[in-house]
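Trainee: One file: entry19.cif (mmCIF, C-alpha atoms).
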```cif
data_input
#
loop_
_atom_site.group_PDB
_atom_site.id
_atom_site.type_symbol
_atom_site.label_atom_id
_atom_site.label_comp_id
_atom_site.auth_asym_id
_atom_site.auth_seq_id
_atom_site.Cartn_x
_atom_site.Cartn_y
_atom_site.Cartn_z
ATOM 1 C CA MET A 1 -11.773 -103.543 -67.682
ATOM 2 C CA THR A 2 -8.628 -103.329 -65.603
ATOM 3 C CA GLU A 3 -9.904 -101.285 -62.672
ATOM 4 C CA LYS A 4 -10.078 -102.845 -59.259
ATOM 5 C CA THR A 5 -13.839 -102.653 -59.115
ATOM 6 C CA LEU A 6 -16.187 -105.524 -59.506
ATOM 7 C CA ASP A 7 -18.353 -105.481 -62.612
ATOM 8 C CA VAL A 8 -21.497 -107.622 -62.522
ATOM 9 C CA GLN A 9 -23.574 -108.219 -65.645
ATOM 10 C CA LEU A 10 -26.717 -110.269 -66.073
ATOM 11 C CA VAL A 11 -26.536 -111.999 -69.420
ATOM 12 C CA GLY A 12 -29.715 -113.516 -70.788
ATOM 13 C CA ASP A 13 -31.882 -115.336 -68.283
ATOM 14 C CA LEU A 14 -29.365 -117.685 -66.751
ATOM 15 C CA ASP A 15 -25.877 -116.191 -66.634
ATOM 16 C CA ILE A 16 -24.159 -113.777 -64.298
ATOM 17 C CA VAL A 17 -20.770 -112.530 -65.462
ATOM 18 C CA MET A 18 -18.394 -110.977 -62.907
ATOM 19 C CA THR A 19 -15.172 -109.253 -63.904
ATOM 20 C CA ARG A 20 -12.465 -108.119 -61.478
ATOM 21 C CA ALA A 21 -8.806 -107.137 -61.984
ATOM 22 C CA PHE A 22 -6.151 -107.840 -59.363
ATOM 23 C CA ASP A 23 -2.717 -106.278 -58.851
ATOM 24 C CA ALA A 24 -0.958 -109.618 -58.901
ATOM 25 C CA PRO A 25 0.678 -111.906 -61.410
ATOM 26 C CA LEU A 26 -1.404 -114.722 -62.851
ATOM 27 C CA ASP A 27 0.625 -117.410 -61.058
ATOM 28 C CA LEU A 28 -0.244 -115.957 -57.683
ATOM 29 C CA LEU A 29 -3.944 -115.453 -58.418
ATOM 30 C CA TRP A 30 -4.084 -119.040 -59.606
ATOM 31 C CA GLU A 31 -2.417 -120.267 -56.399
ATOM 32 C CA VAL A 32 -4.804 -118.466 -54.075
ATOM 33 C CA HIS A 33 -7.733 -120.092 -55.874
ATOM 34 C CA THR A 34 -6.355 -123.592 -56.058
ATOM 35 C CA GLN A 35 -4.571 -124.140 -52.725
ATOM 36 C CA VAL A 36 -6.814 -124.569 -49.735
ATOM 37 C CA GLU A 37 -4.362 -122.933 -47.328
ATOM 38 C CA HIS A 38 -4.607 -119.734 -49.375
ATOM 39 C CA LEU A 39 -8.370 -120.020 -49.803
ATOM 40 C CA ARG A 40 -8.801 -120.026 -46.032
ATOM 41 C CA LYS A 41 -7.127 -116.621 -45.822
ATOM 42 C CA TRP A 42 -9.549 -114.703 -48.006
ATOM 43 C CA TRP A 43 -12.733 -116.516 -49.043
ATOM 44 C CA ALA A 44 -14.793 -115.871 -45.901
ATOM 45 C CA ARG A 45 -14.473 -112.066 -45.991
ATOM 46 C CA GLY A 46 -12.473 -112.060 -42.755
ATOM 47 C CA ASN A 47 -14.769 -114.495 -40.924
ATOM 48 C CA PRO A 48 -13.449 -117.777 -39.576
ATOM 49 C CA MET A 49 -14.064 -120.634 -41.983
ATOM 50 C CA ASP A 50 -13.509 -124.305 -42.726
ATOM 51 C CA ALA A 51 -12.415 -125.308 -46.193
ATOM 52 C CA GLU A 52 -11.757 -128.528 -48.018
ATOM 53 C CA LEU A 53 -10.571 -128.606 -51.618
ATOM 54 C CA ASP A 54 -9.510 -131.607 -53.652
ATOM 55 C CA PHE A 55 -8.217 -129.716 -56.663
ATOM 56 C CA ARG A 56 -8.429 -132.144 -59.552
ATOM 57 C CA PRO A 57 -11.153 -132.913 -62.098
ATOM 58 C CA GLY A 58 -13.883 -134.787 -60.212
ATOM 59 C CA GLY A 59 -12.549 -133.554 -56.853
ATOM 60 C CA LYS A 60 -14.906 -131.959 -54.325
ATOM 61 C CA TRP A 61 -14.750 -128.672 -52.446
ATOM 62 C CA ARG A 62 -16.673 -127.456 -49.404
ATOM 63 C CA ILE A 63 -16.494 -124.184 -47.511
ATOM 64 C CA VAL A 64 -18.261 -123.237 -44.275
ATOM 65 C CA GLU A 65 -18.117 -119.571 -43.401
ATOM 66 C CA HIS A 66 -18.729 -118.760 -39.726
ATOM 67 C CA ALA A 67 -20.242 -115.274 -40.008
ATOM 68 C CA PRO A 68 -21.693 -113.261 -37.085
ATOM 69 C CA ASP A 69 -25.192 -113.978 -38.450
ATOM 70 C CA GLY A 70 -24.642 -117.720 -38.681
ATOM 71 C CA ASP A 71 -22.901 -120.414 -40.666
ATOM 72 C CA TRP A 72 -22.991 -120.357 -44.461
ATOM 73 C CA ALA A 73 -22.003 -123.535 -46.236
ATOM 74 C CA PHE A 74 -21.174 -123.982 -49.908
ATOM 75 C CA ARG A 75 -19.987 -127.003 -51.841
ATOM 76 C CA GLY A 76 -19.254 -128.205 -55.312
ATOM 77 C CA GLU A 77 -17.180 -130.337 -57.625
ATOM 78 C CA ILE A 78 -14.282 -129.463 -59.907
ATOM 79 C CA ARG A 79 -15.226 -130.353 -63.472
ATOM 80 C CA GLU A 80 -12.370 -129.081 -65.605
ATOM 81 C CA ILE A 81 -8.928 -127.558 -65.114
ATOM 82 C CA VAL A 82 -6.721 -125.868 -67.696
ATOM 83 C CA PRO A 83 -3.688 -124.832 -65.611
ATOM 84 C CA LYS A 84 -3.424 -121.052 -65.181
ATOM 85 C CA GLN A 85 -6.298 -120.425 -67.575
ATOM 86 C CA LEU A 86 -9.573 -122.004 -66.620
ATOM 87 C CA ILE A 87 -11.451 -123.683 -63.778
ATOM 88 C CA VAL A 88 -14.935 -125.101 -64.290
ATOM 89 C CA GLN A 89 -16.686 -126.090 -61.084
ATOM 90 C CA THR A 90 -20.148 -126.461 -59.628
ATOM 91 C CA PHE A 91 -21.407 -124.169 -56.876
ATOM 92 C CA GLU A 92 -24.188 -125.072 -54.468
ATOM 93 C CA PHE A 93 -25.399 -123.153 -51.427
ATOM 94 C CA GLU A 94 -26.273 -125.783 -48.837
ATOM 95 C CA GLY A 95 -29.181 -123.621 -47.667
ATOM 96 C CA MET A 96 -30.756 -124.335 -51.081
ATOM 97 C CA PRO A 97 -29.611 -127.881 -51.800
ATOM 98 C CA GLY A 98 -30.083 -129.218 -55.315
ATOM 99 C CA HIS A 99 -29.890 -125.781 -56.921
ATOM 100 C CA ILE A 100 -26.550 -126.127 -58.628
ATOM 101 C CA ALA A 101 -24.838 -123.454 -60.698
ATOM 102 C CA VAL A 102 -21.866 -124.057 -62.976
ATOM 103 C CA GLU A 103 -19.016 -121.562 -62.630
ATOM 104 C CA ARG A 104 -16.352 -120.886 -65.245
ATOM 105 C CA LEU A 105 -13.371 -118.957 -63.919
ATOM 106 C CA THR A 106 -11.020 -117.593 -66.574
ATOM 107 C CA PHE A 107 -7.660 -116.044 -65.702
ATOM 108 C CA THR A 108 -5.927 -113.579 -68.045
ATOM 109 C CA GLU A 109 -2.758 -111.600 -67.376
ATOM 110 C CA LYS A 110 -2.589 -108.078 -68.774
ATOM 111 C CA ASP A 111 0.019 -105.382 -68.025
ATOM 112 C CA GLY A 112 1.124 -107.057 -64.783
ATOM 113 C CA LYS A 113 -2.459 -107.347 -63.575
ATOM 114 C CA THR A 114 -4.618 -110.405 -63.713
ATOM 115 C CA VAL A 115 -8.241 -110.275 -64.779
ATOM 116 C CA LEU A 116 -10.588 -112.872 -63.379
ATOM 117 C CA VAL A 117 -13.877 -113.415 -65.195
ATOM 118 C CA THR A 118 -16.406 -115.674 -63.499
ATOM 119 C CA THR A 119 -19.466 -116.781 -65.438
ATOM 120 C CA SER A 120 -22.109 -118.470 -63.315
ATOM 121 C CA THR A 121 -24.755 -120.371 -65.227
ATOM 122 C CA PHE A 122 -27.874 -121.302 -63.285
ATOM 123 C CA ALA A 123 -30.191 -124.179 -64.148
ATOM 124 C CA ASN A 124 -33.191 -121.850 -64.340
ATOM 125 C CA ARG A 125 -34.245 -118.323 -63.500
ATOM 126 C CA GLU A 126 -35.728 -119.200 -60.122
ATOM 127 C CA ASP A 127 -32.338 -120.569 -59.067
ATOM 128 C CA ARG A 128 -30.553 -117.466 -60.194
ATOM 129 C CA ASP A 129 -32.970 -115.114 -58.481
ATOM 130 C CA GLY A 130 -33.064 -117.221 -55.321
ATOM 131 C CA MET A 131 -29.300 -117.218 -54.937
ATOM 132 C CA VAL A 132 -29.122 -113.840 -53.238
ATOM 133 C CA GLN A 133 -32.601 -113.400 -51.797
ATOM 134 C CA SER A 134 -31.597 -114.740 -48.408
ATOM 135 C CA GLY A 135 -29.775 -112.718 -45.802
ATOM 136 C CA MET A 136 -28.590 -109.503 -47.350
ATOM 137 C CA GLU A 137 -30.980 -106.593 -47.077
ATOM 138 C CA VAL A 138 -30.615 -103.389 -49.047
ATOM 139 C CA GLY A 139 -32.003 -100.138 -47.594
ATOM 140 C CA ALA A 140 -34.359 -97.930 -49.608
ATOM 141 C CA ASN A 141 -31.807 -95.223 -50.203
ATOM 142 C CA GLU A 142 -29.180 -97.714 -51.324
ATOM 143 C CA SER A 143 -31.795 -99.309 -53.488
ATOM 144 C CA TYR A 144 -32.339 -96.052 -55.393
ATOM 145 C CA GLN A 145 -28.604 -95.571 -55.740
ATOM 146 C CA ALA A 146 -28.418 -99.082 -57.124
ATOM 147 C CA LEU A 147 -31.185 -98.260 -59.587
ATOM 148 C CA GLU A 148 -29.395 -95.117 -60.687
ATOM 149 C CA ALA A 149 -26.166 -97.033 -61.247
ATOM 150 C CA TYR A 150 -28.076 -99.721 -63.057
ATOM 151 C CA LEU A 151 -29.709 -97.220 -65.419
ATOM 152 C CA LYS A 152 -26.250 -95.933 -66.273
ATOM 153 C CA THR A 153 -25.192 -99.413 -67.329
ATOM 154 C CA LEU A 154 -28.207 -99.541 -69.675
ATOM 155 C CA GLN A 155 -26.856 -96.511 -71.493
ATOM 156 C CA ALA A 156 -23.412 -98.003 -71.955
ATOM 157 C CA MET B 1 -39.594 -112.216 -68.640
ATOM 158 C CA VAL B 2 -37.999 -109.100 -67.148
ATOM 159 C CA PHE B 3 -34.473 -110.408 -67.618
ATOM 160 C CA SER B 4 -34.982 -111.471 -71.230
ATOM 161 C CA ALA B 5 -36.694 -108.142 -71.967
ATOM 162 C CA LEU B 6 -33.533 -106.470 -70.702
ATOM 163 C CA ALA B 7 -31.171 -108.678 -72.673
ATOM 164 C CA ASP B 8 -31.698 -106.786 -75.938
ATOM 165 C CA PRO B 9 -29.483 -103.704 -76.546
ATOM 166 C CA THR B 10 -32.211 -101.737 -78.363
ATOM 167 C CA ARG B 11 -34.640 -102.296 -75.494
ATOM 168 C CA ARG B 12 -31.963 -101.265 -72.989
ATOM 169 C CA ALA B 13 -31.399 -98.056 -74.949
ATOM 170 C CA ILE B 14 -35.150 -97.389 -75.032
ATOM 171 C CA LEU B 15 -35.339 -97.762 -71.240
ATOM 172 C CA ALA B 16 -32.339 -95.480 -70.799
ATOM 173 C CA ARG B 17 -34.115 -92.862 -72.928
ATOM 174 C CA LEU B 18 -37.321 -93.235 -70.893
ATOM 175 C CA ALA B 19 -35.353 -92.690 -67.681
ATOM 176 C CA ASP B 20 -35.165 -89.046 -68.824
ATOM 177 C CA GLY B 21 -38.934 -88.785 -69.237
ATOM 178 C CA GLU B 22 -41.967 -89.921 -71.244
ATOM 179 C CA ALA B 23 -41.667 -90.224 -75.016
ATOM 180 C CA THR B 24 -43.780 -91.181 -78.014
ATOM 181 C CA VAL B 25 -43.002 -94.067 -80.332
ATOM 182 C CA ASN B 26 -41.727 -91.655 -82.972
ATOM 183 C CA GLN B 27 -39.382 -89.958 -80.509
ATOM 184 C CA LEU B 28 -38.113 -93.315 -79.307
ATOM 185 C CA ALA B 29 -37.545 -94.593 -82.834
ATOM 186 C CA GLU B 30 -35.489 -91.566 -83.890
ATOM 187 C CA PRO B 31 -32.009 -92.713 -82.823
ATOM 188 C CA PHE B 32 -32.377 -96.235 -84.252
ATOM 189 C CA PRO B 33 -31.833 -97.358 -87.829
ATOM 190 C CA ILE B 34 -34.864 -99.650 -87.598
ATOM 191 C CA SER B 35 -38.494 -99.373 -88.633
ATOM 192 C CA LEU B 36 -41.282 -97.979 -86.477
ATOM 193 C CA GLN B 37 -42.834 -101.431 -86.502
ATOM 194 C CA ALA B 38 -39.667 -102.937 -85.058
ATOM 195 C CA VAL B 39 -39.630 -100.323 -82.309
ATOM 196 C CA SER B 40 -43.305 -101.008 -81.578
ATOM 197 C CA LYS B 41 -42.471 -104.676 -81.215
ATOM 198 C CA HIS B 42 -39.742 -103.888 -78.683
ATOM 199 C CA LEU B 43 -42.168 -101.659 -76.789
ATOM 200 C CA LYS B 44 -44.677 -104.488 -76.621
ATOM 201 C CA VAL B 45 -42.054 -106.766 -75.038
ATOM 202 C CA LEU B 46 -41.145 -104.070 -72.511
ATOM 203 C CA GLU B 47 -44.816 -103.475 -71.720
ATOM 204 C CA GLN B 48 -45.516 -107.173 -71.207
ATOM 205 C CA ALA B 49 -42.534 -107.379 -68.845
ATOM 206 C CA GLY B 50 -44.038 -104.511 -66.840
ATOM 207 C CA LEU B 51 -41.032 -102.291 -67.482
ATOM 208 C CA ILE B 52 -43.022 -99.566 -69.245
ATOM 209 C CA SER B 53 -46.630 -98.412 -69.472
ATOM 210 C CA ARG B 54 -48.404 -96.687 -72.384
ATOM 211 C CA GLY B 55 -50.755 -93.712 -72.217
ATOM 212 C CA ARG B 56 -54.444 -94.170 -73.101
ATOM 213 C CA ASP B 57 -54.590 -91.490 -75.802
ATOM 214 C CA ALA B 58 -54.927 -93.540 -78.990
ATOM 215 C CA GLN B 59 -52.977 -91.043 -81.088
ATOM 216 C CA TRP B 60 -50.058 -90.463 -78.759
ATOM 217 C CA ARG B 61 -49.787 -93.365 -76.399
ATOM 218 C CA PRO B 62 -46.651 -91.929 -74.738
ATOM 219 C CA CYS B 63 -44.377 -94.493 -73.094
ATOM 220 C CA LYS B 64 -43.396 -94.215 -69.455
ATOM 221 C CA LEU B 65 -40.745 -96.077 -67.490
ATOM 222 C CA GLU B 66 -42.087 -98.226 -64.659
ATOM 223 C CA ALA B 67 -39.407 -98.032 -61.990
ATOM 224 C CA ALA B 68 -40.477 -100.826 -59.610
ATOM 225 C CA PRO B 69 -39.379 -103.928 -61.562
ATOM 226 C CA LEU B 70 -36.139 -102.228 -62.592
ATOM 227 C CA ARG B 71 -35.490 -101.346 -58.980
ATOM 228 C CA ASP B 72 -35.971 -104.990 -57.998
ATOM 229 C CA ILE B 73 -33.371 -106.023 -60.536
ATOM 230 C CA ALA B 74 -30.982 -103.277 -59.472
ATOM 231 C CA GLU B 75 -31.364 -104.359 -55.841
ATOM 232 C CA TRP B 76 -30.801 -107.954 -56.730
ATOM 233 C CA THR B 77 -27.669 -107.129 -58.720
ATOM 234 C CA GLU B 78 -26.412 -104.937 -55.889
ATOM 235 C CA ARG B 79 -26.793 -107.764 -53.345
ATOM 236 C CA TYR B 80 -24.944 -110.167 -55.566
ATOM 237 C CA ARG B 81 -22.229 -107.637 -56.288
ATOM 238 C CA ARG B 82 -21.762 -106.912 -52.589
ATOM 239 C CA PHE B 83 -21.550 -110.600 -51.711
ATOM 240 C CA TRP B 84 -18.583 -111.005 -54.034
ATOM 241 C CA ASP B 85 -17.115 -107.530 -53.675
ATOM 242 C CA GLU B 86 -16.284 -108.051 -49.978
ATOM 243 C CA ARG B 87 -14.727 -111.380 -50.811
ATOM 244 C CA TYR B 88 -12.570 -109.952 -53.590
ATOM 245 C CA ASP B 89 -11.511 -106.948 -51.497
ATOM 246 C CA ARG B 90 -10.281 -109.411 -48.910
ATOM 247 C CA LEU B 91 -8.448 -111.345 -51.604
ATOM 248 C CA ASP B 92 -6.907 -108.108 -52.827
ATOM 249 C CA SER B 93 -5.351 -107.295 -49.464
ATOM 250 C CA TYR B 94 -4.221 -110.881 -49.064
ATOM 251 C CA LEU B 95 -2.476 -110.722 -52.464
ATOM 252 C CA GLN B 96 -0.757 -107.475 -51.428
ATOM 253 C CA GLU B 97 0.374 -109.126 -48.196
ATOM 254 C CA LEU B 98 1.791 -112.089 -50.083
ATOM 255 C CA GLN B 99 3.676 -109.878 -52.505
ATOM 256 C CA ALA B 100 5.010 -107.492 -49.828
ATOM 257 C CA THR B 101 6.638 -110.278 -47.852
ATOM 258 C CA ASP B 102 7.748 -112.899 -50.293
ATOM 259 C CA GLY B 103 8.833 -115.086 -47.372
ATOM 260 C CA SER B 104 5.323 -115.451 -46.020
ATOM 261 C CA ALA B 105 4.113 -116.395 -49.489
ATOM 262 C CA HIS B 106 6.518 -119.299 -49.427
ATOM 263 C CA ALA B 107 5.455 -120.198 -45.902
ATOM 264 C CA ALA B 108 1.812 -120.391 -46.962
ATOM 265 C CA ARG B 109 2.783 -122.482 -49.961
ATOM 266 C CA ASP B 110 4.825 -124.842 -47.779
ATOM 267 C CA THR B 111 1.919 -125.310 -45.366
ATOM 268 C CA ALA B 112 -0.364 -126.014 -48.303
ATOM 269 C CA GLU B 113 2.107 -128.589 -49.613
ATOM 270 C CA GLN B 114 2.283 -130.322 -46.239
ATOM 271 C CA GLU B 115 -1.484 -130.637 -46.054
ATOM 272 C CA LYS B 116 -1.727 -132.503 -49.335
#
```
Using structure tokens, write down the structure that the file contains.
Mentor:
Amino acid sequence: MTEKTLDVQLVGDLDIVMTRAFDAPLDLLWEVHTQVEHLRKWWARGNPMDAELDFRPGGKWRIVEHAPDGDWAFRGEIREIVPKQLIVQTFEFEGMPGHIAVERLTFTEKDGKTVLVTTSTFANREDRDGMVQSGMEVGANESYQALEAYLKTLQA
Amino acid sequence: MVFSALADPTRRAILARLADGEATVNQLAEPFPISLQAVSKHLKVLEQAGLISRGRDAQWRPCKLEAAPLRDIAEWTERYRRFWDERYDRLDSYLQELQATDGSAHAARDTAEQEK
């Protein structure tokens, strides 16, 4: 998958695998994930945010996104770094403290593009399902479109 | 139970077939190189997960897709996708910005260095 669309797959009961290609060399994609000054420019979807990142194994990160509907805070710890290949970190939404997912980010360069694959592993199904229940509502019409798209992925 | 029912490729294919309309066990089994018993077993898992229902007619027992639980999953996936999609779109434009003006890329890097 090298298109600039986000692919989301549920794998088994506990994993979510996201795949996205970017028109940028690997070095640059790595930088914008590992340097806090870069992170502040994109992570909050255009909202103002605070970010701290101590990028080393055992180092902590914390991001507070100041969205129009309120503050959203996330935190975690860096567990493993393989430069320009892999980041393993924990991810915790402070609105649901104690429910900690482990994220594996893998970076692969291909034809001048870089593919980022993020696998989030949740401790149990309730955690995984709870992760997105809050906040974002989907209208009925969109919900049917989502179902239609989902059925297409079943056929693949 | 719904997610693990969906994890199996044969069961996913069965659901995709049922999205086109009701079908009997024999019709469902046709495209697969597995026994009728194996297909029946898959159908039982799907039925227990609430993803399909079976007709009452003992001879036919046609299978029917139950849309509600699938729609829940589709909605859930869509929310998650949207949460990250916006973020990555933002990252995309930021990456373009950085590459268009190499100077600003260095500036951002320098600021990041100073903050360490």
Trainee: For the structure shown, which residues end up in the PyMOL selection byres ((chain B and resi 51-62) around 9)? Put them as a PDB file with C-alpha atoms, in the frame of the given file, please?
Mentor:
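To be explicit, this is the file written out as result_23.pdb:
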```pdb
ATOM      1  CA  VAL B   2     -37.999-109.100 -67.148  1.00  0.00           C
ATOM      2  CA  ALA B   5     -36.694-108.142 -71.967  1.00  0.00           C
ATOM      3  CA  LEU B  15     -35.339 -97.762 -71.240  1.00  0.00           C
ATOM      4  CA  LEU B  18     -37.321 -93.235 -70.893  1.00  0.00           C
ATOM      5  CA  GLU B  22     -41.967 -89.921 -71.244  1.00  0.00           C
ATOM      6  CA  ALA B  23     -41.667 -90.224 -75.016  1.00  0.00           C
ATOM      7  CA  THR B  24     -43.780 -91.181 -78.014  1.00  0.00           C
ATOM      8  CA  VAL B  25     -43.002 -94.067 -80.332  1.00  0.00           C
ATOM      9  CA  LEU B  43     -42.168-101.659 -76.789  1.00  0.00           C
ATOM     10  CA  VAL B  45     -42.054-106.766 -75.038  1.00  0.00           C
ATOM     11  CA  LEU B  46     -41.145-104.070 -72.511  1.00  0.00           C
ATOM     12  CA  GLU B  47     -44.816-103.475 -71.720  1.00  0.00           C
ATOM     13  CA  GLN B  48     -45.516-107.173 -71.207  1.00  0.00           C
ATOM     14  CA  ALA B  49     -42.534-107.379 -68.845  1.00  0.00           C
ATOM     15  CA  GLY B  50     -44.038-104.511 -66.840  1.00  0.00           C
ATOM     16  CA  CYS B  63     -44.377 -94.493 -73.094  1.00  0.00           C
ATOM     17  CA  LYS B  64     -43.396 -94.215 -69.455  1.00  0.00           C
ATOM     18  CA  LEU B  65     -40.745 -96.077 -67.490  1.00  0.00           C
ATOM     19  CA  GLU B  66     -42.087 -98.226 -64.659  1.00  0.00           C
ATOM     20  CA  ALA B  67     -39.407 -98.032 -61.990  1.00  0.00           C
ATOM     21  CA  ALA B  68     -40.477-100.826 -59.610  1.00  0.00           C
ATOM     22  CA  PRO B  69     -39.379-103.928 -61.562  1.00  0.00           C
ATOM     23  CA  LEU B  70     -36.139-102.228 -62.592  1.00  0.00           C
TER      24      LEU B  70
END
```
Trainee: Tell me as a ChimeraX atom specification which residues belonging to chain B come within 6 Å of chain A, counting all atoms listed in the file.
Mentor: /B:3-4,7,12-13,16,71,74-75,86-87,90-91,112
Trainee: How far is it from atom CA of B:Ala100 to atom CA of A:Asp111, in Å with one decimal?
Mentor: 19.0 Å
Trainee: What is the atom CA of A:Arg75 to atom CA of A:Ala51 distance in Å?
Mentor: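 Separation between atom CA of A:Arg75 and atom CA of A:Ala51: 9.6 Å.
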Trainee: Give the centre and edge lengths of an axis-aligned box, in Å to one decimal, that holds all listed atoms of stretch 26-34 of chain A with 4 Å on each side, as AutoDock Vina command-line options.
Mentor:
```
--center_x -3.6 --center_y -119.2 --center_z -58.5 --size_x 16.4 --size_y 16.9 --size_z 16.8
```
Trainee: Of the candidates A:Phe74, A:Phe91, A:Lys84, A:Val102, which one gets nearest to A:Asp27 if we count only C-alpha atoms?
Mentor: A:Lys84
Trainee: Which residue gives the smallest distance to B:Asp92 among A:Thr121, A:Thr114, A:Glu109, A:Lys60, with all atoms listed in the file counted?
Mentor: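 Among the listed residues, the smallest separation from B:Asp92 belongs to A:Thr114.
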Trainee: Separation of atom CA of A:Thr34 and atom CA of A:Asp69, in Å?
Mentor: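 Computing it gives 27.5 Å between the two atoms.
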Trainee: Can you tell me, as a list in words, which residues sit within 12 Å of (-31.2, -94.6, -83.2) in the file's frame, using all atoms listed in the file?
Mentor: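 Output of the proximity query reads Pro9, Thr10, Arg11, Ala13, Ile14, Arg17, Asn26, Gln27, Leu28, Ala29, Glu30, Pro31, Phe32, Pro33, Ile34, Ser35, Leu36 and Val39 of chain B.
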Trainee: With all atoms listed in the file as the atoms that count, which of A:Val17, A:Val88, A:Phe55, A:Met49 lies nearest to A:Asp71?
Mentor: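 Checking each candidate against A:Asp71, we get A:Met49 as the closest.
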Trainee: Could you tell me, as an mmCIF file with C-alpha atoms, in the frame of the given file, exactly which residues end up selected when the PyMOL selection byres ((chain A and resi 86) around 9) is applied to this structure?
Mentor:
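Now in part02.cif:
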```cif
data_model
loop_
_atom_site.group_PDB
_atom_site.id
_atom_site.type_symbol
_atom_site.label_atom_id
_atom_site.label_comp_id
_atom_site.auth_asym_id
_atom_site.auth_seq_id
_atom_site.Cartn_x
_atom_site.Cartn_y
_atom_site.Cartn_z
ATOM 1 C CA GLU A 80 -12.370 -129.081 -65.605
ATOM 2 C CA ILE A 81 -8.928 -127.558 -65.114
ATOM 3 C CA VAL A 82 -6.721 -125.868 -67.696
ATOM 4 C CA PRO A 83 -3.688 -124.832 -65.611
ATOM 5 C CA LYS A 84 -3.424 -121.052 -65.181
ATOM 6 C CA GLN A 85 -6.298 -120.425 -67.575
ATOM 7 C CA ILE A 87 -11.451 -123.683 -63.778
ATOM 8 C CA VAL A 88 -14.935 -125.101 -64.290
ATOM 9 C CA ARG A 104 -16.352 -120.886 -65.245
ATOM 10 C CA LEU A 105 -13.371 -118.957 -63.919
ATOM 11 C CA THR A 106 -11.020 -117.593 -66.574
ATOM 12 C CA PHE A 107 -7.660 -116.044 -65.702
#
```
Trainee: On this structure, the PyMOL selection byres ((chain A and resi 99) around 9) would catch which residues? List them as a ChimeraX atom specification, sorted by chain and number.
Mentor: /A:91-94,96-98,100-101,122-123,127-128,131
Trainee: Render stretch 88-99 of chain A from the structure in the preceding block as a file of N, CA, C and O atoms, as a PDB file, in the first residue's frame.
Mentor:
```pdb
ATOM      1  N   VAL A  88       8.988   1.596  19.729  1.00  0.00           N
ATOM      2  CA  VAL A  88       7.968   0.933  20.541  1.00  0.00           C
ATOM      3  C   VAL A  88       7.691   1.846  21.725  1.00  0.00           C
ATOM      4  O   VAL A  88       8.622   2.258  22.417  1.00  0.00           O
ATOM      5  N   GLN A  89       6.430   2.198  21.914  1.00  0.00           N
ATOM      6  CA  GLN A  89       6.087   3.100  23.008  1.00  0.00           C
ATOM      7  C   GLN A  89       4.719   2.743  23.569  1.00  0.00           C
ATOM      8  O   GLN A  89       3.932   2.067  22.924  1.00  0.00           O
ATOM      9  N   THR A  90       4.451   3.208  24.791  1.00  0.00           N
ATOM     10  CA  THR A  90       3.113   2.997  25.329  1.00  0.00           C
ATOM     11  C   THR A  90       2.268   4.224  25.032  1.00  0.00           C
ATOM     12  O   THR A  90       2.784   5.327  24.798  1.00  0.00           O
ATOM     13  N   PHE A  91       0.957   4.023  25.004  1.00  0.00           N
ATOM     14  CA  PHE A  91       0.008   5.084  24.681  1.00  0.00           C
ATOM     15  C   PHE A  91      -1.146   4.986  25.672  1.00  0.00           C
ATOM     16  O   PHE A  91      -1.787   3.951  25.805  1.00  0.00           O
ATOM     17  N   GLU A  92      -1.399   6.095  26.362  1.00  0.00           N
ATOM     18  CA  GLU A  92      -2.461   6.105  27.366  1.00  0.00           C
ATOM     19  C   GLU A  92      -3.241   7.396  27.234  1.00  0.00           C
ATOM     20  O   GLU A  92      -2.660   8.484  27.222  1.00  0.00           O
ATOM     21  N   PHE A  93      -4.550   7.290  27.106  1.00  0.00           N
ATOM     22  CA  PHE A  93      -5.423   8.460  27.083  1.00  0.00           C
ATOM     23  C   PHE A  93      -5.720   8.796  28.538  1.00  0.00           C
ATOM     24  O   PHE A  93      -6.211   7.949  29.281  1.00  0.00           O
ATOM     25  N   GLU A  94      -5.410  10.032  28.942  1.00  0.00           N
ATOM     26  CA  GLU A  94      -5.541  10.358  30.365  1.00  0.00           C
ATOM     27  C   GLU A  94      -6.993  10.365  30.833  1.00  0.00           C
ATOM     28  O   GLU A  94      -7.262  10.294  32.033  1.00  0.00           O
ATOM     29  N   GLY A  95      -7.926  10.435  29.867  1.00  0.00           N
ATOM     30  CA  GLY A  95      -9.346  10.322  30.214  1.00  0.00           C
ATOM     31  C   GLY A  95      -9.718   8.908  30.642  1.00  0.00           C
ATOM     32  O   GLY A  95     -10.775   8.680  31.227  1.00  0.00           O
ATOM     33  N   MET A  96      -8.864   7.937  30.313  1.00  0.00           N
ATOM     34  CA  MET A  96      -9.078   6.536  30.710  1.00  0.00           C
ATOM     35  C   MET A  96      -7.785   6.009  31.309  1.00  0.00           C
ATOM     36  O   MET A  96      -7.162   5.107  30.759  1.00  0.00           O
ATOM     37  N   PRO A  97      -7.370   6.576  32.441  1.00  0.00           N
ATOM     38  CA  PRO A  97      -6.053   6.207  32.979  1.00  0.00           C
ATOM     39  C   PRO A  97      -5.965   4.720  33.321  1.00  0.00           C
ATOM     40  O   PRO A  97      -6.956   4.112  33.720  1.00  0.00           O
ATOM     41  N   GLY A  98      -4.779   4.167  33.127  1.00  0.00           N
ATOM     42  CA  GLY A  98      -4.559   2.756  33.452  1.00  0.00           C
ATOM     43  C   GLY A  98      -4.812   1.825  32.276  1.00  0.00           C
ATOM     44  O   GLY A  98      -4.424   0.672  32.310  1.00  0.00           O
ATOM     45  N   HIS A  99      -5.482   2.329  31.246  1.00  0.00           N
ATOM     46  CA  HIS A  99      -5.725   1.508  30.058  1.00  0.00           C
ATOM     47  C   HIS A  99      -4.616   1.802  29.048  1.00  0.00           C
ATOM     48  O   HIS A  99      -4.682   2.774  28.312  1.00  0.00           O
TER      49      HIS A  99
END
```
